[in-house]
$ cat upload-v8.cif   # mmCIF, C-alpha atoms
data_protein
loop_
_atom_site.label_atom_id
_atom_site.label_comp_id
_atom_site.auth_asym_id
_atom_site.auth_seq_id
_atom_site.Cartn_x
_atom_site.Cartn_y
_atom_site.Cartn_z
CA MET A 1 -58.06 -50.30 15.74
CA GLN A 2 -54.36 -49.91 15.05
CA ALA A 3 -53.70 -50.97 18.63
CA ALA A 4 -56.05 -53.95 18.29
CA LEU A 5 -54.31 -55.14 15.13
CA GLU A 6 -50.88 -54.73 16.69
CA THR A 7 -51.89 -56.74 19.75
CA ALA A 8 -53.57 -59.36 17.56
CA GLY A 9 -50.44 -59.68 15.42
CA GLU A 10 -48.22 -60.10 18.47
CA LYS A 11 -50.48 -62.76 19.99
CA THR A 12 -50.68 -64.60 16.68
CA ARG A 13 -46.91 -64.69 16.23
CA ALA A 14 -46.46 -65.71 19.87
CA ALA A 15 -48.77 -68.67 19.26
CA GLY A 16 -46.67 -69.74 16.26
CA ALA A 17 -49.42 -68.91 13.77
CA THR A 18 -49.30 -66.70 10.69
CA GLN A 19 -52.90 -66.00 9.81
CA ILE A 20 -55.90 -64.58 11.64
CA HIS A 21 -59.24 -65.90 10.43
CA ARG A 22 -61.49 -64.21 12.89
CA LEU A 23 -60.90 -61.33 15.25
CA THR A 24 -63.48 -60.72 17.96
CA LEU A 25 -63.74 -57.38 19.73
CA ARG A 26 -65.92 -56.60 22.72
CA VAL A 27 -67.21 -53.03 22.71
CA GLY A 28 -69.18 -51.41 25.52
CA ALA A 29 -72.07 -49.05 24.87
CA LEU A 30 -70.21 -46.28 26.73
CA SER A 31 -66.73 -47.08 25.40
CA GLY A 32 -66.85 -44.08 23.10
CA VAL A 33 -66.28 -46.11 19.96
CA VAL A 34 -68.88 -47.03 17.41
CA PRO A 35 -68.78 -50.46 15.77
CA ALA A 36 -69.10 -49.17 12.22
CA ALA A 37 -66.13 -46.87 12.77
CA LEU A 38 -64.14 -49.88 13.97
CA ARG A 39 -65.14 -51.80 10.84
CA PHE A 40 -64.06 -48.92 8.65
CA ALA A 41 -60.72 -48.67 10.43
CA PHE A 42 -60.27 -52.45 10.31
CA ASP A 43 -60.83 -52.54 6.55
CA ALA A 44 -58.44 -49.64 6.08
CA LEU A 45 -55.67 -51.06 8.24
CA LYS A 46 -55.79 -54.84 7.91
CA GLY A 47 -54.03 -54.97 4.54
CA GLU A 48 -50.43 -55.63 5.60
CA SER A 49 -51.27 -57.50 8.80
CA PRO A 50 -51.87 -61.21 9.54
CA ALA A 51 -55.54 -60.22 9.69
CA ALA A 52 -55.65 -59.23 5.99
CA THR A 53 -58.36 -61.80 5.26
CA ALA A 54 -59.87 -62.03 8.72
CA GLU A 55 -63.48 -61.57 9.60
CA LEU A 56 -64.20 -58.93 12.23
CA GLU A 57 -66.74 -59.83 14.89
CA ILE A 58 -67.97 -57.19 17.30
CA GLU A 59 -69.73 -58.14 20.53
CA ASN A 60 -71.72 -55.28 21.98
CA VAL A 61 -71.85 -54.94 25.76
CA PRO A 62 -74.76 -52.95 27.19
CA ALA A 63 -74.02 -50.46 29.96
CA VAL A 64 -74.75 -51.71 33.49
CA GLY A 65 -74.64 -49.41 36.50
CA TRP A 66 -74.20 -50.16 40.19
CA CYS A 67 -76.35 -48.71 42.95
CA ALA A 68 -74.41 -48.72 46.22
CA GLY A 69 -77.54 -48.02 48.24
CA CYS A 70 -79.42 -51.05 46.90
CA ALA A 71 -76.24 -53.13 46.36
CA ALA A 72 -77.66 -54.07 42.98
CA GLU A 73 -76.88 -53.71 39.31
CA PHE A 74 -79.22 -51.95 36.94
CA ASP A 75 -79.41 -51.42 33.21
CA VAL A 76 -78.31 -48.03 31.98
CA ALA A 77 -80.69 -47.31 29.15
CA GLU A 78 -80.77 -44.06 27.19
CA ILE A 79 -78.18 -42.31 29.38
CA ASN A 80 -80.25 -42.79 32.51
CA TYR A 81 -77.93 -43.49 35.43
CA GLU A 82 -80.75 -43.51 37.96
CA CYS A 83 -81.29 -46.66 40.01
CA PRO A 84 -84.81 -47.89 39.16
CA ARG A 85 -85.36 -49.03 42.78
CA CYS A 86 -84.35 -46.04 44.87
CA HIS A 87 -84.12 -43.42 42.07
CA GLN A 88 -80.68 -42.24 43.17
CA PRO A 89 -78.30 -41.45 40.32
CA SER A 90 -75.09 -43.47 40.31
CA GLY A 91 -71.87 -42.66 38.53
CA GLU A 92 -70.48 -46.15 38.96
CA LEU A 93 -70.50 -48.39 35.92
CA ARG A 94 -70.08 -52.14 36.20
CA ARG A 95 -70.03 -52.79 32.46
CA GLY A 96 -70.26 -50.82 29.26
CA ARG A 97 -66.81 -49.25 28.93
CA GLU A 98 -65.15 -52.31 27.38
CA MET A 99 -62.89 -51.96 24.39
CA ASP A 100 -61.37 -55.44 24.44
CA LEU A 101 -59.78 -57.87 22.07
CA ALA A 102 -61.91 -60.84 23.10
CA SER A 103 -60.53 -63.67 20.97
CA LEU A 104 -58.64 -64.65 17.82
CA GLU A 105 -59.13 -67.60 15.53
CA ILE A 106 -55.74 -68.32 14.00
CA SER A 107 -53.72 -70.91 12.13
CA MET B 1 -58.66 -40.81 9.86
CA CYS B 2 -57.93 -41.41 13.51
CA GLN B 3 -56.20 -44.75 13.44
CA GLU B 4 -56.93 -45.50 17.08
CA CYS B 5 -60.66 -45.25 16.89
CA GLY B 6 -61.64 -44.71 13.26
CA CYS B 7 -63.74 -41.83 14.49
CA SER B 8 -64.10 -40.03 11.19
CA LYS B 9 -66.71 -42.54 10.03
CA PRO B 10 -70.19 -42.66 11.51
CA GLY B 11 -71.36 -45.61 13.58
CA PRO B 12 -74.53 -47.63 13.11
CA TYR B 13 -76.56 -44.61 12.26
CA LYS B 14 -80.13 -43.76 11.50
CA ILE B 15 -81.71 -41.50 8.91
CA ASP B 16 -84.98 -39.94 10.06
CA GLY B 17 -85.01 -42.47 12.86
CA ARG B 18 -84.58 -45.50 10.62
CA PRO B 19 -81.50 -47.74 10.75
CA THR B 20 -79.30 -47.71 7.67
CA GLU B 21 -78.40 -50.77 5.58
CA PRO B 22 -76.53 -53.58 7.36
CA HIS B 23 -72.95 -54.38 6.46
CA THR B 24 -71.83 -57.00 4.02
CA HIS B 25 -68.63 -58.88 4.67
CA SER B 26 -66.39 -60.93 2.49
CA HIS B 27 -64.01 -63.39 4.03
CA THR B 28 -61.39 -65.32 2.07
CA HIS B 29 -59.76 -68.42 3.46
CA ALA B 30 -56.22 -69.53 2.76
CA ASP B 31 -57.57 -72.15 0.37
CA GLY B 32 -59.35 -69.48 -1.66
CA THR B 33 -62.86 -70.12 -0.37
CA VAL B 34 -64.72 -66.82 -0.21
CA HIS B 35 -67.70 -66.27 2.07
CA THR B 36 -69.90 -63.25 1.80
CA HIS B 37 -72.64 -62.57 4.27
CA SER B 38 -74.37 -59.63 5.84
CA HIS B 39 -75.52 -59.03 9.35
CA ASP B 40 -76.33 -56.09 11.54
CA GLU B 41 -74.28 -55.18 14.58
CA HIS B 42 -76.28 -57.36 16.94
CA ASP B 43 -76.28 -60.55 14.95
CA HIS B 44 -73.30 -62.65 15.89
CA ALA B 45 -74.78 -66.02 15.05
CA HIS B 46 -74.69 -65.81 11.29
CA GLY B 47 -74.18 -69.48 10.65
CA HIS B 48 -70.79 -69.28 9.01
CA HIS B 49 -68.59 -72.30 9.65
CA HIS B 50 -65.16 -72.90 8.25
CA HIS B 51 -65.06 -76.62 8.73
CA ASP B 52 -67.61 -77.38 6.03
CA HIS B 53 -64.88 -76.89 3.45
CA GLY B 54 -62.23 -79.41 4.38
CA HIS B 55 -59.39 -77.15 5.37
CA ASP B 56 -55.94 -78.65 5.67
CA HIS B 57 -54.86 -76.24 8.40
CA PRO B 58 -56.02 -76.48 12.00
CA HIS B 59 -57.66 -73.37 13.38
CA GLN B 60 -56.91 -72.41 16.93
CA VAL B 61 -58.97 -70.05 19.05
CA LEU B 62 -57.10 -67.75 21.43
CA ASN B 63 -59.27 -66.25 24.17
CA LEU B 64 -57.46 -63.05 25.06
CA ASN B 65 -59.85 -60.61 26.73
CA THR B 66 -57.22 -57.90 26.75
CA GLY B 67 -58.06 -54.23 26.56
CA ILE B 68 -57.24 -52.64 23.23
CA LEU B 69 -56.09 -49.48 24.92
CA ASN B 70 -53.98 -51.30 27.49
CA ALA B 71 -50.86 -49.56 26.19
CA ASN B 72 -52.41 -46.13 26.78
CA ASP B 73 -53.82 -47.20 30.13
CA ARG B 74 -50.40 -48.39 31.28
CA ALA B 75 -48.81 -45.12 30.18
CA ALA B 76 -51.60 -43.24 32.00
CA GLU B 77 -50.93 -45.17 35.19
CA GLN B 78 -47.24 -44.31 34.92
CA ASN B 79 -48.18 -40.65 34.56
CA ARG B 80 -50.54 -40.92 37.52
CA GLY B 81 -47.79 -42.42 39.66
CA ALA B 82 -45.38 -39.65 38.66
CA PHE B 83 -47.99 -36.97 39.40
CA LYS B 84 -48.70 -38.49 42.81
CA ALA B 85 -45.02 -38.67 43.67
CA LEU B 86 -44.70 -34.99 42.77
CA ASN B 87 -47.89 -34.13 44.70
CA LEU B 88 -49.10 -32.47 41.51
CA LEU B 89 -52.81 -31.85 40.89
CA VAL B 90 -53.55 -32.66 37.24
CA LEU B 91 -56.62 -31.65 35.23
CA ASN B 92 -57.61 -32.97 31.80
CA VAL B 93 -59.80 -30.29 30.21
CA VAL B 94 -61.99 -31.37 27.30
CA SER B 95 -64.74 -29.73 25.26
CA SER B 96 -66.02 -29.19 21.76
CA PRO B 97 -63.88 -26.90 19.60
CA GLY B 98 -64.66 -23.29 20.42
CA ALA B 99 -66.32 -23.92 23.79
CA GLY B 100 -63.79 -21.61 25.39
CA LYS B 101 -61.22 -23.86 27.03
CA THR B 102 -58.33 -21.51 26.32
CA ALA B 103 -60.19 -18.40 27.49
CA LEU B 104 -61.24 -20.24 30.66
CA LEU B 105 -57.71 -21.44 31.35
CA THR B 106 -56.16 -18.03 30.66
CA LYS B 107 -58.56 -16.50 33.18
CA THR B 108 -57.96 -19.35 35.65
CA LEU B 109 -54.17 -18.99 35.43
CA ASN B 110 -54.41 -15.25 36.06
CA GLU B 111 -56.75 -15.71 39.03
CA LEU B 112 -54.58 -18.41 40.58
CA LYS B 113 -51.43 -16.26 40.60
CA GLY B 114 -49.98 -16.22 44.09
CA ARG B 115 -52.21 -19.14 45.15
CA LEU B 116 -51.13 -22.09 42.98
CA ARG B 117 -48.13 -22.45 40.69
CA ALA B 118 -49.64 -23.76 37.47
CA GLY B 119 -48.33 -25.08 34.16
CA VAL B 120 -50.17 -26.11 31.01
CA ILE B 121 -49.85 -28.77 28.33
CA VAL B 122 -52.10 -27.90 25.38
CA GLY B 123 -53.00 -30.16 22.47
CA ASP B 124 -54.17 -29.10 19.02
CA LEU B 125 -53.85 -30.63 15.58
CA ALA B 126 -51.73 -27.68 14.43
CA THR B 127 -50.48 -24.19 15.39
CA ASP B 128 -49.28 -22.97 18.76
CA ASN B 129 -51.87 -20.20 18.93
CA ASP B 130 -53.39 -21.53 22.14
CA ALA B 131 -49.99 -21.85 23.77
CA ALA B 132 -49.23 -18.25 22.84
CA ARG B 133 -52.49 -17.07 24.43
CA LEU B 134 -51.83 -19.09 27.59
CA ARG B 135 -48.23 -17.82 27.85
CA THR B 136 -49.54 -14.25 28.26
CA THR B 137 -50.32 -15.31 31.83
CA GLY B 138 -46.67 -16.00 32.53
CA ALA B 139 -47.32 -19.69 33.17
CA PRO B 140 -45.07 -22.30 31.54
CA VAL B 141 -46.88 -23.82 28.55
CA VAL B 142 -46.05 -26.77 26.27
CA GLN B 143 -47.94 -27.20 23.02
CA ILE B 144 -48.51 -30.66 21.55
CA ALA B 145 -49.41 -30.57 17.84
CA THR B 146 -51.05 -33.91 17.25
CA GLY B 147 -50.87 -33.68 13.46
CA THR B 148 -54.01 -35.55 12.48
CA LEU B 149 -54.81 -37.19 15.79
CA CYS B 150 -58.04 -36.01 17.37
CA HIS B 151 -57.07 -36.59 21.00
CA LEU B 152 -54.10 -36.56 23.35
CA GLU B 153 -52.61 -39.84 24.54
CA ALA B 154 -50.86 -40.58 27.80
CA GLY B 155 -47.51 -41.13 26.07
CA MET B 156 -47.67 -37.68 24.47
CA VAL B 157 -48.28 -36.14 27.87
CA ALA B 158 -45.34 -38.09 29.32
CA GLU B 159 -43.11 -36.62 26.59
CA ALA B 160 -44.49 -33.09 26.91
CA MET B 161 -44.11 -32.96 30.68
CA LYS B 162 -40.36 -33.40 30.30
CA GLN B 163 -40.38 -29.81 29.03
CA LEU B 164 -41.77 -28.55 32.33
CA ASP B 165 -40.15 -28.23 35.74
CA LEU B 166 -42.90 -30.20 37.46
CA ARG B 167 -41.30 -29.88 40.89
CA ALA B 168 -41.90 -26.13 40.68
CA LEU B 169 -45.63 -26.62 40.02
CA ASP B 170 -48.70 -27.29 42.18
CA LEU B 171 -51.13 -27.69 39.30
CA LEU B 172 -50.76 -29.09 35.79
CA ILE B 173 -53.61 -28.34 33.41
CA ILE B 174 -53.83 -30.45 30.26
CA GLU B 175 -55.95 -28.75 27.60
CA ASN B 176 -57.03 -31.57 25.31
CA VAL B 177 -57.84 -31.35 21.60
CA GLY B 178 -61.29 -29.86 21.04
CA ASN B 179 -63.39 -33.01 20.59
CA LEU B 180 -66.08 -34.56 22.75
CA VAL B 181 -65.71 -38.08 21.34
CA CYS B 182 -62.26 -39.68 21.28
CA PRO B 183 -60.59 -38.00 24.28
CA ALA B 184 -63.18 -39.78 26.46
CA SER B 185 -61.42 -43.10 25.81
CA PHE B 186 -57.88 -41.93 26.55
CA ASP B 187 -56.93 -41.65 30.19
CA LEU B 188 -53.97 -39.29 30.55
CA GLY B 189 -53.34 -40.05 34.22
CA GLU B 190 -55.25 -36.99 35.41
CA ALA B 191 -56.87 -36.70 38.83
CA VAL B 192 -59.75 -34.60 37.56
CA ARG B 193 -61.47 -34.65 34.20
CA VAL B 194 -63.11 -31.32 33.41
CA VAL B 195 -65.71 -31.07 30.63
CA VAL B 196 -66.35 -27.51 29.44
CA HIS B 197 -69.78 -26.79 27.99
CA SER B 198 -70.59 -23.30 26.70
CA VAL B 199 -74.07 -21.81 26.75
CA THR B 200 -73.85 -21.22 22.99
CA GLU B 201 -73.80 -25.00 22.44
CA GLY B 202 -77.39 -25.35 23.63
CA GLU B 203 -78.69 -27.68 26.30
CA ASP B 204 -78.40 -31.20 24.87
CA LYS B 205 -74.64 -31.75 24.45
CA PRO B 206 -74.56 -33.98 27.56
CA LEU B 207 -77.17 -36.26 26.00
CA LYS B 208 -75.42 -36.30 22.62
CA TYR B 209 -71.98 -37.25 24.00
CA PRO B 210 -72.69 -39.66 26.86
CA PRO B 211 -69.23 -41.28 27.26
CA MET B 212 -67.46 -37.96 27.69
CA PHE B 213 -69.99 -36.52 30.07
CA HIS B 214 -70.20 -39.73 32.06
CA SER B 215 -66.45 -39.62 32.63
CA ALA B 216 -66.55 -36.02 33.93
CA ASP B 217 -65.50 -35.17 37.48
CA VAL B 218 -66.32 -31.52 36.86
CA VAL B 219 -68.58 -29.89 34.29
CA ILE B 220 -68.09 -26.16 33.72
CA VAL B 221 -70.85 -24.21 32.00
CA THR B 222 -69.04 -21.29 30.37
CA LYS B 223 -69.91 -18.04 28.58
CA THR B 224 -72.75 -17.45 31.04
CA ASP B 225 -72.57 -13.74 30.11
CA MET B 226 -73.99 -14.78 26.71
CA ALA B 227 -76.80 -16.98 28.07
CA ALA B 228 -79.60 -14.51 27.37
CA VAL B 229 -78.40 -13.77 23.83
CA ALA B 230 -78.04 -17.49 23.12
CA GLY B 231 -81.50 -18.25 24.49
CA PHE B 232 -79.89 -20.72 26.88
CA ASP B 233 -82.33 -22.75 29.00
CA ARG B 234 -80.28 -23.05 32.19
CA GLU B 235 -82.59 -25.38 34.09
CA LEU B 236 -82.83 -27.82 31.19
CA ALA B 237 -79.06 -27.77 30.65
CA LEU B 238 -78.35 -28.45 34.33
CA LYS B 239 -80.89 -31.27 34.34
CA ASN B 240 -79.20 -32.83 31.30
CA ILE B 241 -75.74 -32.45 32.82
CA ARG B 242 -76.89 -34.08 36.07
CA GLN B 243 -78.43 -36.93 34.08
CA ALA B 244 -75.34 -37.57 31.93
CA SER B 245 -72.72 -36.77 34.59
CA PRO B 246 -74.13 -38.00 37.89
CA ARG B 247 -70.78 -37.75 39.68
CA ALA B 248 -69.74 -34.34 38.46
CA LYS B 249 -69.47 -31.08 40.34
CA ILE B 250 -70.98 -28.28 38.25
CA PHE B 251 -69.64 -24.74 37.97
CA GLU B 252 -71.21 -21.88 36.02
CA LEU B 253 -68.96 -19.03 35.01
CA SER B 254 -67.92 -16.48 32.44
CA ALA B 255 -64.22 -16.14 31.66
CA ARG B 256 -64.97 -12.78 30.04
CA SER B 257 -66.95 -11.11 32.83
CA GLY B 258 -65.26 -13.06 35.61
CA ASP B 259 -68.58 -14.15 37.16
CA GLY B 260 -68.22 -17.48 38.93
CA VAL B 261 -64.47 -17.77 38.30
CA ALA B 262 -63.63 -17.28 42.00
CA ALA B 263 -65.69 -20.33 43.03
CA TRP B 264 -63.90 -22.47 40.43
CA CYS B 265 -60.46 -21.26 41.49
CA ASP B 266 -61.33 -21.72 45.19
CA PHE B 267 -62.32 -25.30 44.34
CA LEU B 268 -58.94 -25.94 42.69
CA VAL B 269 -57.12 -24.58 45.72
CA ALA B 270 -59.29 -26.75 47.99
CA LEU B 271 -58.58 -29.79 45.83
CA LYS B 272 -54.90 -29.10 46.08
CA THR B 273 -54.95 -28.76 49.85
CA GLY B 274 -57.19 -31.80 50.25
CA ALA B 275 -60.10 -29.73 51.54
CA ALA B 276 -62.25 -30.88 48.61
CA THR B 277 -62.53 -33.99 46.49
CA ALA B 278 -63.54 -34.44 42.87
CA GLY B 279 -65.91 -36.94 41.35
#

$ encode --input "upload-v8.cif" --output "structure tokens"
Amino acid sequence: MQAALETAGEKTRAAGATQIHRLTLRVGALSGVVPAALRFAFDALKGESPAATAELEIENVPAVGWCAGCAAEFDVAEINYECPRCHQPSGELRRGREMDLASLEIS
Amino acid sequence: MCQECGCSKPGPYKIDGRPTEPHTHSHTHADGTVHTHSHDEHDHAHGHHHHDHGHDHPHQVLNLNTGILNANDRAAEQNRGAFKALNLLVLNVVSSPGAGKTALLTKTLNELKGRLRAGVIVGDLATDNDAARLRTTGAPVVQIATGTLCHLEAGMVAEAMKQLDLRALDLLIIENVGNLVCPASFDLGEAVRVVVHSVTEGEDKPLKYPPMFHSADVVIVTKTDMAAVAGFDRELALKNIRQASPRAKIFELSARSGDGVAAWCDFLVALKTGAATAG
């Protein structure tokens, strides 16, 4: 979260703005971070930053795997990395590891 | 609190299978207007619009789509480039506290003597006890004390490796802080991520910590000499590991008895010579 706030502050200053109204993060199901922990960290850290009064939005991204055999994506639900078509397990993830700063609303 | 990931607070959690109360947020505008609303993690459309209030400042939306951990990822790529230039095989070894990383590595270093020249970077919040244990093998060891941080970062590794003569090494083992959560998110530039799982931890760790296990190139089941005492269900554990870590090679060994250690060390030598691949 510290890294997110630092990046957000840099981008805000670079755009000639001083205040962040809304900060949107995109968090994958297998990113290893939990949204409530991000909220806690955000509330603890935002004080001195341009995001002191900002609203935190978190977009959740479900995990999506890729089956090379079927050349198709499949939903990874409940830690099941098995392709539902051919039942081969796949270690390749297409989505679900995101930990991105998606957008900022600033002025 | 870990300031990178805020990991000391629980996520959207459940009690007896039921979700807990949703969050409430307050949001104060520059003109003093305060909004308070609640929503759960999946509700993004909560009907909250600034422009109903006649602001005198224009809001601008920046679409960034940049990774939060870009700085770490860049540092990790620098490490990876340096390791490749040095033809150095690098392992990032992670586990819960007490799974037996240090015992495994001590045994591994002793077994590899005369086969691979190995060095270690070891991370803990405090003390250099692990480094002292690892140094008994004669291998060069650097301890990183992270203070309060629950994981190693690529920049710390870049600093620590300055203390080692990397050109004199074939293998660099990074023993991460004992933690199955945060280290999953921090690439250190390693070629092989090794997750250590001891039989005394039961069978369901892979299902409880999916990001870490999913990122594993190798899973080592340790303390196999204690399996009977611990009532360890080997078949169930292997099934869970294969489910959570579909790419990983699995080794079963005991650092204490030495069972299975040869296969693990042979694998490292084969990795180094290019006779085997990981992940």

$ closest_residue --input "upload-v8.cif" --among "B:Leu89, B:Ala230, B:Ala76, B:Ala132" --to "Ser185 (chain B)" --atoms "all atoms listed in the file"
B:Ala76

$ residues_around --input "upload-v8.cif" --residues "region 65-76 of chain A" --least-positions-apart "2" --cutoff "10 Å" --atoms "all atoms listed in the file" --output "PyMOL selection string"
chain A and resi 29-30+62-63+78-96

$ atom_distance --input "upload-v8.cif" --atom1 "CA of Met99 (chain A)" --atom2 "CA of Thr66 (chain B)"
8.5 Å

$ closest_residue --input "upload-v8.cif" --among "A:Ile20, A:Leu101, A:Val61, A:Leu56" --to "chain B" --atoms "all atoms listed in the file"
A:Leu101

$ resolve_selection --input "upload-v8.cif" --expression "the PyMOL selection byres ((chain A) within 9 of (chain B))" --output "count of residues only"
58

$ residues_around --input "upload-v8.cif" --residues "region 78-84 of chain B" --least-positions-apart "4" --cutoff "8 Å" --atoms "all atoms listed in the file" --output "short mmCIF file (atom, residue, chain, number, x, y, z; two decimals) with C-alpha atoms, in the coordinates of the input"
data_model
loop_
_atom_site.label_atom_id
_atom_site.label_comp_id
_atom_site.auth_asym_id
_atom_site.auth_seq_id
_atom_site.Cartn_x
_atom_site.Cartn_y
_atom_site.Cartn_z
CA ARG B 74 -50.40 -48.39 31.28
CA LEU B 88 -49.10 -32.47 41.51
CA LEU B 89 -52.81 -31.85 40.89
CA VAL B 90 -53.55 -32.66 37.24
CA ALA B 154 -50.86 -40.58 27.80
CA ALA B 158 -45.34 -38.09 29.32
CA LEU B 188 -53.97 -39.29 30.55
CA GLY B 189 -53.34 -40.05 34.22
CA GLU B 190 -55.25 -36.99 35.41
CA ALA B 191 -56.87 -36.70 38.83
#

$ atom_distance --input "upload-v8.cif" --atom1 "CA of Leu169 (chain B)" --atom2 "CA of Leu271 (chain B)"
14.5 Å

$ resolve_selection --input "upload-v8.cif" --expression "the PyMOL selection byres ((chain B and resi 249-264) around 9)" --output "PyMOL selection string"
chain B and resi 100+103-108+111+216-226+238+241-242+245-248+265-269+278-279

$ atom_distance --input "upload-v8.cif" --atom1 "CA of His151 (chain B)" --atom2 "CA of Leu166 (chain B)"
22.6 Å

$ resolve_selection --input "upload-v8.cif" --expression "the PyMOL selection byres ((chain B and resi 136) around 12)" --output "short mmCIF file (atom, residue, chain, number, x, y, z; two decimals) with C-alpha atoms, in the coordinates of the input"
data_model
loop_
_atom_site.label_atom_id
_atom_site.label_comp_id
_atom_site.auth_asym_id
_atom_site.auth_seq_id
_atom_site.Cartn_x
_atom_site.Cartn_y
_atom_site.Cartn_z
CA THR B 102 -58.33 -21.51 26.32
CA ALA B 103 -60.19 -18.40 27.49
CA LEU B 105 -57.71 -21.44 31.35
CA THR B 106 -56.16 -18.03 30.66
CA LYS B 107 -58.56 -16.50 33.18
CA LEU B 109 -54.17 -18.99 35.43
CA ASN B 110 -54.41 -15.25 36.06
CA ASN B 129 -51.87 -20.20 18.93
CA ASP B 130 -53.39 -21.53 22.14
CA ALA B 131 -49.99 -21.85 23.77
CA ALA B 132 -49.23 -18.25 22.84
CA ARG B 133 -52.49 -17.07 24.43
CA LEU B 134 -51.83 -19.09 27.59
CA ARG B 135 -48.23 -17.82 27.85
CA THR B 137 -50.32 -15.31 31.83
CA GLY B 138 -46.67 -16.00 32.53
CA ALA B 139 -47.32 -19.69 33.17
CA PRO B 140 -45.07 -22.30 31.54
CA VAL B 141 -46.88 -23.82 28.55
#

$ closest_residue --input "upload-v8.cif" --among "B:Leu164, B:Gly274, B:Val195, B:Gly155" --to "Asp73 (chain B)" --atoms "all atoms listed in the file"
B:Gly155

$ closest_residue --input "upload-v8.cif" --among "B:Leu172, B:Asp165, B:Asp233, B:Gly178" --to "Leu149 (chain B)" --atoms "all atoms listed in the file"
B:Gly178

$ residues_near_point --input "upload-v8.cif" --point "(-51.4, -27.9, 31.5)" --cutoff "7 Å" --atoms "only C-alpha atoms" --output "ChimeraX atom specification"
/B:119-122,141,172-175

$ write_last_selection --input "upload-v8.cif" --atoms "C-alpha atoms" --output "CSV table (one decimal), keeping the file's coordinate frame"
chain,number,residue,atom,x,y,z
B,119,GLY,CA,-48.3,-25.1,34.2
B,120,VAL,CA,-50.2,-26.1,31.0
B,121,ILE,CA,-49.8,-28.8,28.3
B,122,VAL,CA,-52.1,-27.9,25.4
B,141,VAL,CA,-46.9,-23.8,28.6
B,172,LEU,CA,-50.8,-29.1,35.8
B,173,ILE,CA,-53.6,-28.3,33.4
B,174,ILE,CA,-53.8,-30.4,30.3
B,175,GLU,CA,-56.0,-28.8,27.6
